[in-house]
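Participant: Take this structure first; my questions come after.
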Amino acid sequence: MSTLTSDLLTFTLSVFTGFFAIMNPIANVPIFSSLVEDADKETKRKISKKATTVAFLIVFIFVILGKFIFELFGITIPAFKITGGILIFFVGFEMLQSKKSSVKHLKETAFDENIAISPLAIPILAGPGTIVTAMNFVSSGNYIHIGIVILVFAIMCILTHWAFRLGDKLVLRVGKNVITVIGKIMGLIIAIIGTSMIIEGVKVAFEL
């Protein structure tokens, strides 16, 4: 195996791990189920598909236009990595502390399919943490890295869609306690990713 192939495989694994930790399809299943509990099976499928599609489009736009956004607002790579790392660290820290966003536990008095856009697509699936993670992976990469990030995120959206569709069965089989444990493990991974981004940003900024 060539060094280039090995590097790309390592990068792909890192991207998948980062997205899986920040999106956490399994831990988001109870959130989805609580938001659509009054909907029929077909409506649940439509909402899941719409939410994951919108989330993909949002991240896709940021990945493609990331460098343009940096130039437009004069954002430097070190500043982005440090700020993004702090943001992602606190997302992971809150997950470890079992602090739950009020947005994720809203209950609709009347069922509304627009929940596919908000809060499902934004901010649960394509929130600041997801966007920052995606942009971090492509901030200093080439077109191959950008393609890998887009492909991996597309796979994550498909996995999330199926996790939502099988949500009720998944909760019954796995159990809420196991899902909670998985959420905490993902929180630890997210916090570590955030710390790594901060360290990397400091190194680039001070040319260490």
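Ligands are numbered from 1 in the order shown, residues from 1 within each chain, and chains are lettered A, B, ... in the order they appear in the structure tokens.
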Could you pull out the residues in segment 37-200 of chain A that DSSP calls helix (DSSP H, G or I) from the backbone, as a PyMOL selection string?

Facilitator: chain A and resi 41-73+77-96+102-105+113-125+128-138+143-165+167-174+176-200

Participant: Name the residues in contact with Ile22 of chain A at a cut-off of 7 Å, using only C-alpha atoms, excluding same-chain residues fewer than 5 positions from it; report them as a PyMOL selection string.

Facilitator: chain A and resi 129-130+190

Participant: Which residue is closest to Thr83 of chain A? Choose from A:Gly18, A:Asn136, A:Pro119, A:Leu172 and count only C-alpha atoms.

Facilitator: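 Among A:Gly18, A:Asn136, A:Pro119, A:Leu172, it is A:Asn136 that comes nearest to Thr83 of chain A.
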
Participant: Counting only C-alpha atoms, which residue out of A:Ser140, A:Ser48, A:Thr180, A:Thr5 sits closest to Glu200 of chain A?

Facilitator: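 Checking each of A:Ser140, A:Ser48, A:Thr180, A:Thr5 against Glu200 of chain A, counting only C-alpha atoms, the winner is A:Ser140.
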
Participant: For Gly187 of chain A, which of A:Phe206, A:Phe62, A:Phe93, A:Phe137 is the closest residue, counting only C-alpha atoms?

Facilitator: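 Among the listed residues, A:Phe93 lies closest to Gly187 of chain A.
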
Participant: Nearest to Ile26 of chain A: which of A:Leu159, A:Leu188, A:Ala39, A:Met197 is it, counting only C-alpha atoms?

Facilitator: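 Closest candidate: A:Leu159.
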
Participant: Need to verify the contact set: Met156 of chain A, 12 Å, only C-alpha atoms, exclusion of same-chain residues closer than 4 positions in sequence. Can you return it as a short mmCIF file (atom, residue, chain, number, x, y, z; two decimals) with C-alpha atoms, in the first residue's frame?

Facilitator:
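Written out: out07.cif:
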```cif
data_model
loop_
_atom_site.label_atom_id
_atom_site.label_comp_id
_atom_site.auth_asym_id
_atom_site.auth_seq_id
_atom_site.Cartn_x
_atom_site.Cartn_y
_atom_site.Cartn_z
CA VAL A 15 -13.61 12.21 8.78
CA PHE A 16 -16.07 9.35 9.40
CA THR A 17 -15.23 9.24 13.11
CA GLY A 18 -15.60 13.01 13.43
CA PHE A 19 -18.96 13.14 11.66
CA PHE A 20 -20.29 10.07 13.47
CA ALA A 21 -19.38 11.56 16.83
CA ILE A 22 -20.84 15.00 16.14
CA MET A 23 -24.04 13.77 14.39
CA ASN A 24 -24.50 10.65 16.54
CA PRO A 25 -27.35 8.97 14.59
CA ILE A 26 -28.11 6.47 17.36
CA THR A 52 -31.15 14.52 6.15
CA THR A 53 -31.30 16.00 2.62
CA ALA A 55 -28.59 18.82 6.39
CA PHE A 56 -26.46 17.45 3.53
CA VAL A 59 -22.84 21.18 4.89
CA LEU A 125 -27.97 17.38 12.23
CA ALA A 126 -26.23 20.33 10.56
CA THR A 130 -21.07 19.66 12.18
CA VAL A 149 -15.54 14.84 3.13
CA ILE A 150 -18.64 15.26 0.92
CA LEU A 151 -18.88 11.50 0.26
CA VAL A 152 -18.47 10.55 3.93
CA THR A 160 -28.99 8.79 9.92
CA HIS A 161 -32.04 8.46 7.65
CA TRP A 162 -32.18 4.72 8.20
CA ALA A 163 -31.57 5.10 11.92
#
```

Participant: For Ile148 of chain A, work out the shell of residues within 12 Å, counting only C-alpha atoms and skipping chain neighbours fewer than 5 positions away, then give it as a PyMOL selection string.

Facilitator: chain A and resi 8-16+60+63+134+137-138+141-143+153-155

Participant: Would you output that residue set with N, CA and C atoms, as a short mmCIF file (atom, residue, chain, number, x, y, z; two decimals), in the first residue's frame?

Facilitator:
```
data_model
loop_
_atom_site.label_atom_id
_atom_site.label_comp_id
_atom_site.auth_asym_id
_atom_site.auth_seq_id
_atom_site.Cartn_x
_atom_site.Cartn_y
_atom_site.Cartn_z
N LEU A 8 -4.79 8.68 2.68
CA LEU A 8 -6.20 8.92 2.33
C LEU A 8 -7.14 8.05 3.16
N LEU A 9 -6.73 6.80 3.41
CA LEU A 9 -7.54 5.92 4.25
C LEU A 9 -7.62 6.44 5.67
N THR A 10 -6.48 6.92 6.18
CA THR A 10 -6.45 7.49 7.53
C THR A 10 -7.33 8.74 7.61
N PHE A 11 -7.23 9.57 6.58
CA PHE A 11 -8.04 10.79 6.53
C PHE A 11 -9.53 10.44 6.47
N THR A 12 -9.88 9.46 5.64
CA THR A 12 -11.28 9.04 5.51
C THR A 12 -11.83 8.53 6.83
N LEU A 13 -11.04 7.73 7.54
CA LEU A 13 -11.45 7.20 8.84
C LEU A 13 -11.63 8.32 9.84
N SER A 14 -10.74 9.31 9.81
CA SER A 14 -10.84 10.46 10.72
C SER A 14 -12.10 11.26 10.45
N VAL A 15 -12.41 11.46 9.17
CA VAL A 15 -13.61 12.21 8.78
C VAL A 15 -14.86 11.47 9.24
N PHE A 16 -14.90 10.15 9.00
CA PHE A 16 -16.07 9.35 9.40
C PHE A 16 -16.26 9.39 10.91
N PHE A 60 -22.76 20.70 2.50
CA PHE A 60 -22.16 20.70 1.15
C PHE A 60 -21.79 22.12 0.73
N VAL A 63 -18.80 23.34 2.70
CA VAL A 63 -17.57 22.67 2.27
C VAL A 63 -17.06 23.26 0.96
N ALA A 134 -16.74 19.83 9.36
CA ALA A 134 -16.59 19.68 7.90
C ALA A 134 -15.57 20.67 7.35
N PHE A 137 -11.91 19.86 8.16
CA PHE A 137 -11.30 18.80 7.35
C PHE A 137 -10.88 19.28 5.96
N VAL A 138 -11.53 20.33 5.45
CA VAL A 138 -11.20 20.79 4.09
C VAL A 138 -10.44 22.11 4.10
N GLY A 141 -7.01 21.20 2.82
CA GLY A 141 -6.94 20.01 1.97
C GLY A 141 -7.06 20.34 0.49
N ASN A 142 -6.90 19.33 -0.35
CA ASN A 142 -7.06 19.50 -1.78
C ASN A 142 -8.43 19.01 -2.22
N TYR A 143 -8.63 18.92 -3.54
CA TYR A 143 -9.93 18.52 -4.06
C TYR A 143 -10.28 17.07 -3.70
N PHE A 153 -19.88 12.49 4.41
CA PHE A 153 -21.04 13.13 5.03
C PHE A 153 -22.33 12.62 4.39
N ALA A 154 -22.30 12.35 3.09
CA ALA A 154 -23.47 11.79 2.40
C ALA A 154 -23.82 10.42 3.00
N ILE A 155 -22.78 9.61 3.24
CA ILE A 155 -22.99 8.30 3.86
C ILE A 155 -23.58 8.45 5.26
#
```

Participant: Within 9 Å of Val132 of chain A, counting only C-alpha atoms, which residues show up once you throw out same-chain ones fewer than 3 positions away? Write them as a list of chain:residue names, please.

Facilitator: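 My list of contacting residues is A:Phe80, A:Lys81, A:Gly84, A:Gly85, A:Leu87, A:Ile88, A:Gly127, A:Pro128, A:Gly129, A:Met135, A:Asn136, A:Phe137.
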
Participant: Next, write the just-selected residues to a file, as a short mmCIF file (atom, residue, chain, number, x, y, z; two decimals), in the first residue's frame, keeping all heavy atoms as the atom set.

Facilitator:
```
data_model
loop_
_atom_site.label_atom_id
_atom_site.label_comp_id
_atom_site.auth_asym_id
_atom_site.auth_seq_id
_atom_site.Cartn_x
_atom_site.Cartn_y
_atom_site.Cartn_z
N PHE A 80 -9.64 29.99 12.75
CA PHE A 80 -10.78 29.10 12.57
C PHE A 80 -10.61 27.82 13.38
O PHE A 80 -11.55 27.36 14.04
CB PHE A 80 -10.95 28.76 11.09
CG PHE A 80 -12.02 27.73 10.83
CD1 PHE A 80 -13.36 28.09 10.82
CD2 PHE A 80 -11.69 26.40 10.63
CE1 PHE A 80 -14.34 27.15 10.61
CE2 PHE A 80 -12.67 25.46 10.41
CZ PHE A 80 -13.99 25.83 10.40
N LYS A 81 -9.42 27.23 13.31
CA LYS A 81 -9.18 25.98 14.02
C LYS A 81 -9.30 26.16 15.54
O LYS A 81 -9.88 25.32 16.23
CB LYS A 81 -7.81 25.41 13.64
CG LYS A 81 -7.75 24.82 12.24
CD LYS A 81 -6.39 24.20 11.97
CE LYS A 81 -6.34 23.55 10.59
NZ LYS A 81 -7.23 22.38 10.49
N GLY A 84 -13.06 27.11 16.28
CA GLY A 84 -13.87 25.91 16.03
C GLY A 84 -13.59 24.82 17.03
O GLY A 84 -14.51 24.11 17.48
N GLY A 85 -12.32 24.66 17.42
CA GLY A 85 -11.96 23.66 18.40
C GLY A 85 -12.60 23.92 19.75
O GLY A 85 -13.08 23.00 20.42
N LEU A 87 -15.39 25.58 20.25
CA LEU A 87 -16.82 25.33 20.09
C LEU A 87 -17.12 23.83 20.16
O LEU A 87 -18.01 23.39 20.91
CB LEU A 87 -17.30 25.88 18.74
CG LEU A 87 -18.75 25.57 18.35
CD1 LEU A 87 -19.72 26.18 19.34
CD2 LEU A 87 -19.04 26.06 16.95
N ILE A 88 -16.36 23.03 19.41
CA ILE A 88 -16.59 21.58 19.39
C ILE A 88 -16.28 20.97 20.76
O ILE A 88 -16.98 20.06 21.22
CB ILE A 88 -15.72 20.92 18.29
CG1 ILE A 88 -16.24 21.34 16.92
CG2 ILE A 88 -15.74 19.40 18.42
CD1 ILE A 88 -15.43 20.81 15.77
N GLY A 127 -25.71 21.36 12.65
CA GLY A 127 -25.49 22.49 13.56
C GLY A 127 -24.09 23.05 13.42
O GLY A 127 -23.31 22.60 12.57
N PRO A 128 -23.75 24.02 14.24
CA PRO A 128 -22.41 24.63 14.19
C PRO A 128 -21.28 23.62 14.31
O PRO A 128 -20.27 23.71 13.61
CB PRO A 128 -22.41 25.59 15.38
CG PRO A 128 -23.86 25.90 15.60
CD PRO A 128 -24.60 24.66 15.26
N GLY A 129 -21.45 22.63 15.19
CA GLY A 129 -20.41 21.63 15.38
C GLY A 129 -20.14 20.83 14.12
O GLY A 129 -18.98 20.58 13.75
N MET A 135 -15.69 21.93 7.74
CA MET A 135 -14.79 22.96 7.23
C MET A 135 -13.37 22.76 7.73
O MET A 135 -12.41 23.10 7.03
CB MET A 135 -15.32 24.35 7.59
CG MET A 135 -16.61 24.70 6.86
SD MET A 135 -17.22 26.36 7.25
CE MET A 135 -15.98 27.37 6.44
N ASN A 136 -13.23 22.20 8.92
CA ASN A 136 -11.89 21.93 9.44
C ASN A 136 -11.18 20.89 8.59
O ASN A 136 -9.99 21.02 8.29
CB ASN A 136 -11.98 21.44 10.89
CG ASN A 136 -10.63 21.01 11.44
OD1 ASN A 136 -9.70 21.80 11.53
ND2 ASN A 136 -10.51 19.74 11.80
N PHE A 137 -11.91 19.86 8.16
CA PHE A 137 -11.30 18.80 7.35
C PHE A 137 -10.88 19.28 5.96
O PHE A 137 -9.98 18.70 5.36
CB PHE A 137 -12.26 17.62 7.22
CG PHE A 137 -12.33 16.75 8.44
CD1 PHE A 137 -13.55 16.48 9.04
CD2 PHE A 137 -11.20 16.18 8.98
CE1 PHE A 137 -13.64 15.67 10.17
CE2 PHE A 137 -11.26 15.38 10.12
CZ PHE A 137 -12.48 15.12 10.71
#
```

Participant: Using only C-alpha atoms, find the one residue out of A:Ile146, A:Leu57, A:Phe164, A:Val181 that sits nearest to Glu37 of chain A.

Facilitator: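 Distance minimum relative to Glu37 of chain A lands on A:Phe164.
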
Participant: Compile the contact shell of Val204 of chain A as JSON, numbers by chain: residues with an atom at most 9 Å away, counting only C-alpha atoms, same-chain residues fewer than 5 positions apart removed.

Facilitator: {"A": [77, 78, 199]}

Participant: Could you check the closest approach to Phe70 of chain A for each of A:Ser139, A:Cys157, A:Gly167, A:Ile31 and tell me which residue wins, using only C-alpha atoms?

Facilitator: A:Ser139

Participant: I'd like the neighbourhood of Ala79 of chain A as a list in words, where a residue qualifies if any of its atoms comes within 9 Å (using only C-alpha atoms), though same-chain residues fewer than 5 positions away should be ignored.

Facilitator: Gly84, Gly201, Val202 and Ala205 of chain A

Participant: Those same residues, written as a tab-separated table (two decimals), in the first residue's frame with C-alpha atoms?

Facilitator:
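Generated file (out-v8.tsv):
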```
chain	number	residue	atom	x	y	z
A	84	GLY	CA	-13.87	25.91	16.03
A	201	GLY	CA	-4.39	25.92	15.33
A	202	VAL	CA	-1.80	27.06	17.89
A	205	ALA	CA	-0.29	30.22	14.26
```

Participant: One number please: atom CA of Lys44 of chain A to atom CA of Ala27 of chain A, in Å, one decimal.

Facilitator: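 A separation of 17.5 Å between them.
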
Participant: Mind pulling up the distance from atom CA of Ile58 of chain A to atom CA of Val91 of chain A?

Facilitator: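 Taking atom CA of Val91 of chain A and atom CA of Ile58 of chain A, their separation equals 19.4 Å.
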